[in-house]
Each structure stands twice: as C-alpha cells, then as structure tokens.
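Engineer: Handing you this structure, nothing more for now.
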Amino acid sequence: MRNTLSLVLLFWVTFIYSANAEEKHPNAQVLGKLVYSDLSIDAEKMPAKNVIDSFKKDLDILMNVHWKTDTNDGLDPDTPITLKLTDKPALTIIEQVLEQMSENQSATWQLRHGVLEVGLKLPLAVRTSQLETYYIRDLLFKIHNFTAPELGTFDGNGEGGVEDDPTSEEEEVEKIINMITKFVEPELWEQNNGPCSITNYKNTLLIKAPDFVHRQIGGYLFEAEQPSEVRRRRVLYQGNKVNVIVDRLPLR
C-alpha cells in the first residue's frame, strides 16, 4: 500500500512539473532578460554592429540580427550610434538604438522561437510572418439604443421607438479591420501592397503577420520571466513602442 501511494504521489508531482514546463512560453525567458536586465551604454558615433554585439554579450541571449548584405536588404552595420544611458532596461536601450538605425526604412525587434530578432520591418514581414487568430465577438456586442417613442406609436405589446444608427455585424467587423490596417504598420498590409493579410471568418480575425505586428495588436499573452527577489515590472504595449515601468524602491 505504501509503495502504491508513493508511486501515485511521484506520478502526480511529475505530472504537475510537466504541466508547468509545458505552460512556459519559449519567448518568456528572452522577454524577461529584456525587461528585467538593466544595462548602460555610452556610445559616441559608434558603429551599430559594435553596439549590438556588445548588447548581445551583456544580455547573454540568443540573437539574430538581419544585417545588410549584397543580396539582402537589412540593417547597415556602419550606422553611427550616439547614445548615453545608465541602468536602463535592455528593452529601452535596444529600441533607442534601432530608432537611430531607421533612416530609410523602419527597424524593429521581435521574438521568435526563443530568439531576439532585429532588422528592417519589411524584410522581417516577408520572411517571418505567422498566422494568428483573434476572436472578436466581444467587440461586436452592441448596446441597443432606442429613441423615445412618439405618442401613439406603441404597438400592441406596449413597445415602440426606433433604434438609432443600425449597422450590420459585417460592417462592424470591417470597421475593426480598417482600424487595424490604419493604425498598425499601415504600409505592411496587402491593402497597401504589403505582405501582411487580415480576413474575417465567423467573427474570428485571421491575421498573417510578423511578431512585431501581432505585438501591437494584442501585446504578448505571456509574462516576461521574472528573476527571484526582483520587483515585478509593468510592460505597456503602446503602438510600435514598448515601455517598461520600473519601480526602483527596495523590496520589503
């Protein structure tokens, strides 16, 4: 009986451990490094490749940088970077570095398969787009607003009045799609001859786009991996910018 109980407990503990391991998102660790690692930079017209190589070494993460080559469009490794920051989240530093590398085309970062990728937006969208689904029925819920009925317009059931601004569900879905393609990387959607696509199927948006576009639509659905004995930081996804809210008060 004791052996049987021990086996059951061992199986249960193993099951819980396996479930927790499976729940951990592959990008949670690298996002945690970006959010919870404070770095400093003091660069004066330093080549971008040197800056990013130093960033990768300090952060100790897997990183894929799409540099410009003779055959592929990408980041210019010789772009001069001038930036001085002290004890700032790594995410803040990489975003400001990439901002200085966005002269002709916009540069950005994204997470894919546990790797931090940086490069120009258009090539990333062409090479790394992935299909995600967004259930939007809650966004289509309408609170009916009826105008006050005129005297004598009540029907036999005591009801009356006319609903204002009636629109079909299809029209509401189209409004949502239009807002996304207007405010989230508008030049990348197929409506503007870009590589990203968005369509509706039974109140579910099917969006094929790279990670940095999905991030702007729904943020990340997983938490950044938080080191022990470190105060939790808030991450705000605001358009194409991501802000890390740092509380530097000591833990009690």
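Here, A, B, ... name the chains of the structure tokens in the order displayed, residue numbers run from 1 inside each chain, and ligands are numbered from 1 in the same displayed order.
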Give the strand (DSSP E) residues of stretch 21-107 of chain A, as assigned by DSSP on the backbone, as an mmCIF file with N, CA and C atoms, in the first residue's frame.

Structural biologist:
data_model
loop_
_atom_site.group_PDB
_atom_site.id
_atom_site.type_symbol
_atom_site.label_atom_id
_atom_site.label_comp_id
_atom_site.auth_asym_id
_atom_site.auth_seq_id
_atom_site.Cartn_x
_atom_site.Cartn_y
_atom_site.Cartn_z
ATOM 1 N N ASP A 38 19.029 45.550 -16.407
ATOM 2 C CA ASP A 38 19.394 46.957 -16.541
ATOM 3 C C ASP A 38 20.819 47.068 -17.077
ATOM 4 N N LEU A 39 20.964 47.773 -18.185
ATOM 5 C CA LEU A 39 22.254 47.948 -18.833
ATOM 6 C C LEU A 39 22.570 49.430 -18.968
ATOM 7 N N SER A 40 23.843 49.703 -19.240
ATOM 8 C CA SER A 40 24.287 51.075 -19.500
ATOM 9 C C SER A 40 24.990 51.116 -20.844
ATOM 10 N N ILE A 41 24.913 52.259 -21.506
ATOM 11 C CA ILE A 41 25.576 52.437 -22.790
ATOM 12 C C ILE A 41 26.126 53.848 -22.868
ATOM 13 N N ASP A 42 27.329 53.954 -23.408
ATOM 14 C CA ASP A 42 27.968 55.264 -23.618
ATOM 15 C C ASP A 42 28.658 55.210 -24.974
ATOM 16 N N ALA A 43 27.899 55.527 -26.015
ATOM 17 C CA ALA A 43 28.401 55.424 -27.384
ATOM 18 C C ALA A 43 28.409 56.794 -28.047
ATOM 19 N N GLU A 44 29.485 57.091 -28.734
ATOM 20 C CA GLU A 44 29.618 58.347 -29.473
ATOM 21 C C GLU A 44 30.011 58.013 -30.901
ATOM 22 N N LYS A 45 29.012 58.032 -31.795
ATOM 23 C CA LYS A 45 29.217 57.697 -33.204
ATOM 24 C C LYS A 45 29.895 56.330 -33.363
ATOM 25 N N MET A 46 29.439 55.382 -32.557
ATOM 26 C CA MET A 46 29.973 54.023 -32.610
ATOM 27 C C MET A 46 29.224 53.217 -33.667
ATOM 28 N N PRO A 47 29.926 52.410 -34.481
ATOM 29 C CA PRO A 47 29.230 51.595 -35.488
ATOM 30 C C PRO A 47 28.163 50.708 -34.851
ATOM 31 N N MET A 63 20.429 35.796 -30.271
ATOM 32 C CA MET A 63 20.028 36.990 -31.011
ATOM 33 C C MET A 63 20.317 36.788 -32.493
ATOM 34 N N ASN A 64 19.360 37.154 -33.334
ATOM 35 C CA ASN A 64 19.511 37.055 -34.783
ATOM 36 C C ASN A 64 19.379 38.458 -35.372
ATOM 37 N N VAL A 65 20.479 38.978 -35.896
ATOM 38 C CA VAL A 65 20.499 40.330 -36.455
ATOM 39 C C VAL A 65 20.534 40.230 -37.978
ATOM 40 N N PRO A 80 26.223 55.112 -37.521
ATOM 41 C CA PRO A 80 26.793 55.640 -36.266
ATOM 42 C C PRO A 80 25.723 55.775 -35.184
ATOM 43 N N ILE A 81 26.012 55.257 -34.009
ATOM 44 C CA ILE A 81 25.084 55.315 -32.881
ATOM 45 C C ILE A 81 25.684 56.210 -31.797
ATOM 46 N N THR A 82 24.883 57.190 -31.394
ATOM 47 C CA THR A 82 25.267 58.059 -30.282
ATOM 48 C C THR A 82 24.186 57.967 -29.224
ATOM 49 N N LEU A 83 24.536 57.386 -28.090
ATOM 50 C CA LEU A 83 23.537 57.144 -27.054
ATOM 51 C C LEU A 83 24.229 56.977 -25.712
ATOM 52 N N LYS A 84 23.695 57.654 -24.704
ATOM 53 C CA LYS A 84 24.245 57.527 -23.351
ATOM 54 C C LYS A 84 23.092 57.310 -22.377
ATOM 55 N N LEU A 85 23.041 56.113 -21.801
ATOM 56 C CA LEU A 85 22.016 55.753 -20.833
ATOM 57 C C LEU A 85 22.658 54.962 -19.706
ATOM 58 N N THR A 86 22.138 55.119 -18.508
ATOM 59 C CA THR A 86 22.694 54.424 -17.345
ATOM 60 C C THR A 86 21.597 53.651 -16.633
ATOM 61 N N ASP A 87 21.840 52.364 -16.429
ATOM 62 C CA ASP A 87 20.922 51.491 -15.686
ATOM 63 C C ASP A 87 19.488 51.594 -16.198
ATOM 64 N N LYS A 88 19.333 51.349 -17.479
ATOM 65 C CA LYS A 88 18.015 51.320 -18.101
ATOM 66 C C LYS A 88 17.694 49.904 -18.558
ATOM 67 N N PRO A 89 16.393 49.539 -18.589
ATOM 68 C CA PRO A 89 16.033 48.208 -19.082
ATOM 69 C C PRO A 89 16.608 47.978 -20.480
ATOM 70 N N ALA A 107 13.307 50.170 -38.506
ATOM 71 C CA ALA A 107 13.873 48.972 -37.881
ATOM 72 C C ALA A 107 13.069 48.632 -36.638
#

Engineer: Hey, what's within 10 Å of A:Ser106 if we count only C-alpha atoms and toss same-chain stuff fewer than 2 positions away? As a ChimeraX atom specification, please?

Structural biologist: /A:75,98-104,108,119-122

Engineer: Would you mind listing what lies within 10 Å of stretch 184-186 of chain A as a PDB file with N, CA and C atoms, in the first residue's frame, with only C-alpha atoms counted and same-chain residues fewer than 6 positions away left out?

Structural biologist:
ATOM      1  N   LYS A 121      11.669  46.376 -40.925  1.00  0.00           N
ATOM      2  CA  LYS A 121      10.309  45.866 -40.813  1.00  0.00           C
ATOM      3  C   LYS A 121       9.842  45.095 -42.040  1.00  0.00           C
ATOM      4  N   LEU A 122      10.056  45.655 -43.220  1.00  0.00           N
ATOM      5  CA  LEU A 122       9.538  44.999 -44.427  1.00  0.00           C
ATOM      6  C   LEU A 122      10.172  43.635 -44.666  1.00  0.00           C
ATOM      7  N   ASN A 178     -10.437  47.833 -40.640  1.00  0.00           N
ATOM      8  CA  ASN A 178      -9.939  49.118 -41.142  1.00  0.00           C
ATOM      9  C   ASN A 178      -9.102  49.842 -40.095  1.00  0.00           C
ATOM     10  N   ASN A 192      -2.248  47.836 -48.971  1.00  0.00           N
ATOM     11  CA  ASN A 192      -1.274  48.811 -49.460  1.00  0.00           C
ATOM     12  C   ASN A 192      -0.091  48.105 -50.135  1.00  0.00           C
ATOM     13  N   GLY A 194       1.389  45.407 -49.263  1.00  0.00           N
ATOM     14  CA  GLY A 194       2.352  44.831 -48.332  1.00  0.00           C
ATOM     15  C   GLY A 194       2.178  43.328 -48.208  1.00  0.00           C
ATOM     16  N   CYS A 196       1.452  41.513 -45.397  1.00  0.00           N
ATOM     17  CA  CYS A 196       0.597  41.036 -44.301  1.00  0.00           C
ATOM     18  C   CYS A 196      -0.870  40.994 -44.738  1.00  0.00           C
ATOM     19  N   PHE A 212       6.238  41.385 -34.548  1.00  0.00           N
ATOM     20  CA  PHE A 212       6.176  42.773 -34.096  1.00  0.00           C
ATOM     21  C   PHE A 212       4.846  43.428 -34.458  1.00  0.00           C
ATOM     22  N   VAL A 213       4.141  42.885 -35.455  1.00  0.00           N
ATOM     23  CA  VAL A 213       2.800  43.378 -35.777  1.00  0.00           C
ATOM     24  C   VAL A 213       1.778  42.782 -34.810  1.00  0.00           C
ATOM     25  N   HIS A 214       1.858  41.479 -34.565  1.00  0.00           N
ATOM     26  CA  HIS A 214       0.948  40.849 -33.595  1.00  0.00           C
ATOM     27  C   HIS A 214       1.093  41.493 -32.219  1.00  0.00           C
ATOM     28  N   ARG A 215       2.313  41.873 -31.860  1.00  0.00           N
ATOM     29  CA  ARG A 215       2.546  42.517 -30.558  1.00  0.00           C
ATOM     30  C   ARG A 215       1.766  43.818 -30.437  1.00  0.00           C
ATOM     31  N   GLN A 216       1.663  44.564 -31.524  1.00  0.00           N
ATOM     32  CA  GLN A 216       0.935  45.827 -31.494  1.00  0.00           C
ATOM     33  C   GLN A 216      -0.572  45.627 -31.454  1.00  0.00           C
ATOM     34  N   ILE A 217      -1.051  44.505 -31.936  1.00  0.00           N
ATOM     35  CA  ILE A 217      -2.485  44.230 -31.945  1.00  0.00           C
ATOM     36  C   ILE A 217      -2.961  43.701 -30.598  1.00  0.00           C
ATOM     37  N   GLY A 239       1.298  51.040 -29.367  1.00  0.00           N
ATOM     38  CA  GLY A 239       1.663  51.158 -30.769  1.00  0.00           C
ATOM     39  C   GLY A 239       2.948  50.400 -31.049  1.00  0.00           C
ATOM     40  N   ASN A 240       3.865  51.040 -31.770  1.00  0.00           N
ATOM     41  CA  ASN A 240       5.121  50.365 -32.093  1.00  0.00           C
ATOM     42  C   ASN A 240       6.188  50.582 -31.032  1.00  0.00           C
TER      43      ASN A 240
END

Engineer: Between atom CA of A:Thr204 and atom CA of A:Glu190, what is the spacing in Å?

Structural biologist: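 Result for atom CA of A:Glu190 versus atom CA of A:Thr204: 18.5 Å, one decimal.
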
Engineer: For A:Asp60, which of A:Glu225, A:Leu34, A:Asp73, A:Glu170 is the closest residue, counting only C-alpha atoms?

Structural biologist: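 Among A:Glu225, A:Leu34, A:Asp73, A:Glu170, it is A:Leu34 that comes nearest to A:Asp60.
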
Engineer: Which residues are close to A:Lys49, i.e. within 8 Å by only C-alpha atoms, leaving aside same-chain residues fewer than 3 positions away? Reply as a PyMOL selection string.

Structural biologist: chain A and resi 52-53+77-78

Engineer: Write out as a list of chain:residue names all residues of stretch 94-142 of chain A that backbone DSSP assigns to alpha helix (DSSP H).

Structural biologist: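 Everything in stretch 94-142 of chain A that counts as alpha helix (DSSP H) is A:Ile94, A:Glu95, A:Gln96, A:Val97, A:Leu98, A:Glu99, A:Gln100, A:Lys121, A:Leu122, A:Pro123, A:Leu124, A:Ala125, A:Val126, A:Arg127, A:Thr128.
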
Engineer: Can you tell me how far atom CA of A:Ile207 sits from atom CA of A:Gln105, in Å to one decimal?

Structural biologist: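 A separation of 23.0 Å between them.
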
Engineer: Env of A:Ser129: 8 Å cut, atoms = only C-alpha atoms, seq-sep filter 4 positions within chain, self excluded. Answer as an MDAnalysis selection string.

Structural biologist: chainID A and resid 124:125 196 208:211

Engineer: Could you dump the residues just selected with C-alpha atoms as a PDB file, in the first residue's frame?

Structural biologist:
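File produced: out.pdb:
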ATOM      1  CA  LEU A 124      11.039  40.765 -41.408  1.00  0.00           C
ATOM      2  CA  ALA A 125       7.391  40.839 -42.505  1.00  0.00           C
ATOM      3  CA  CYS A 196       0.597  41.036 -44.301  1.00  0.00           C
ATOM      4  CA  LYS A 208      -0.823  36.644 -41.112  1.00  0.00           C
ATOM      5  CA  ALA A 209       1.916  38.992 -39.948  1.00  0.00           C
ATOM      6  CA  PRO A 210       5.276  39.003 -38.132  1.00  0.00           C
ATOM      7  CA  ASP A 211       5.624  39.013 -34.360  1.00  0.00           C
TER       8      ASP A 211
END

Engineer: Have a look at atom CA of A:Gln238 and atom CA of A:Pro26 and let me know their distance in Å, one decimal.

Structural biologist: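 Taking atom CA of A:Gln238 and atom CA of A:Pro26, their separation equals 23.0 Å.
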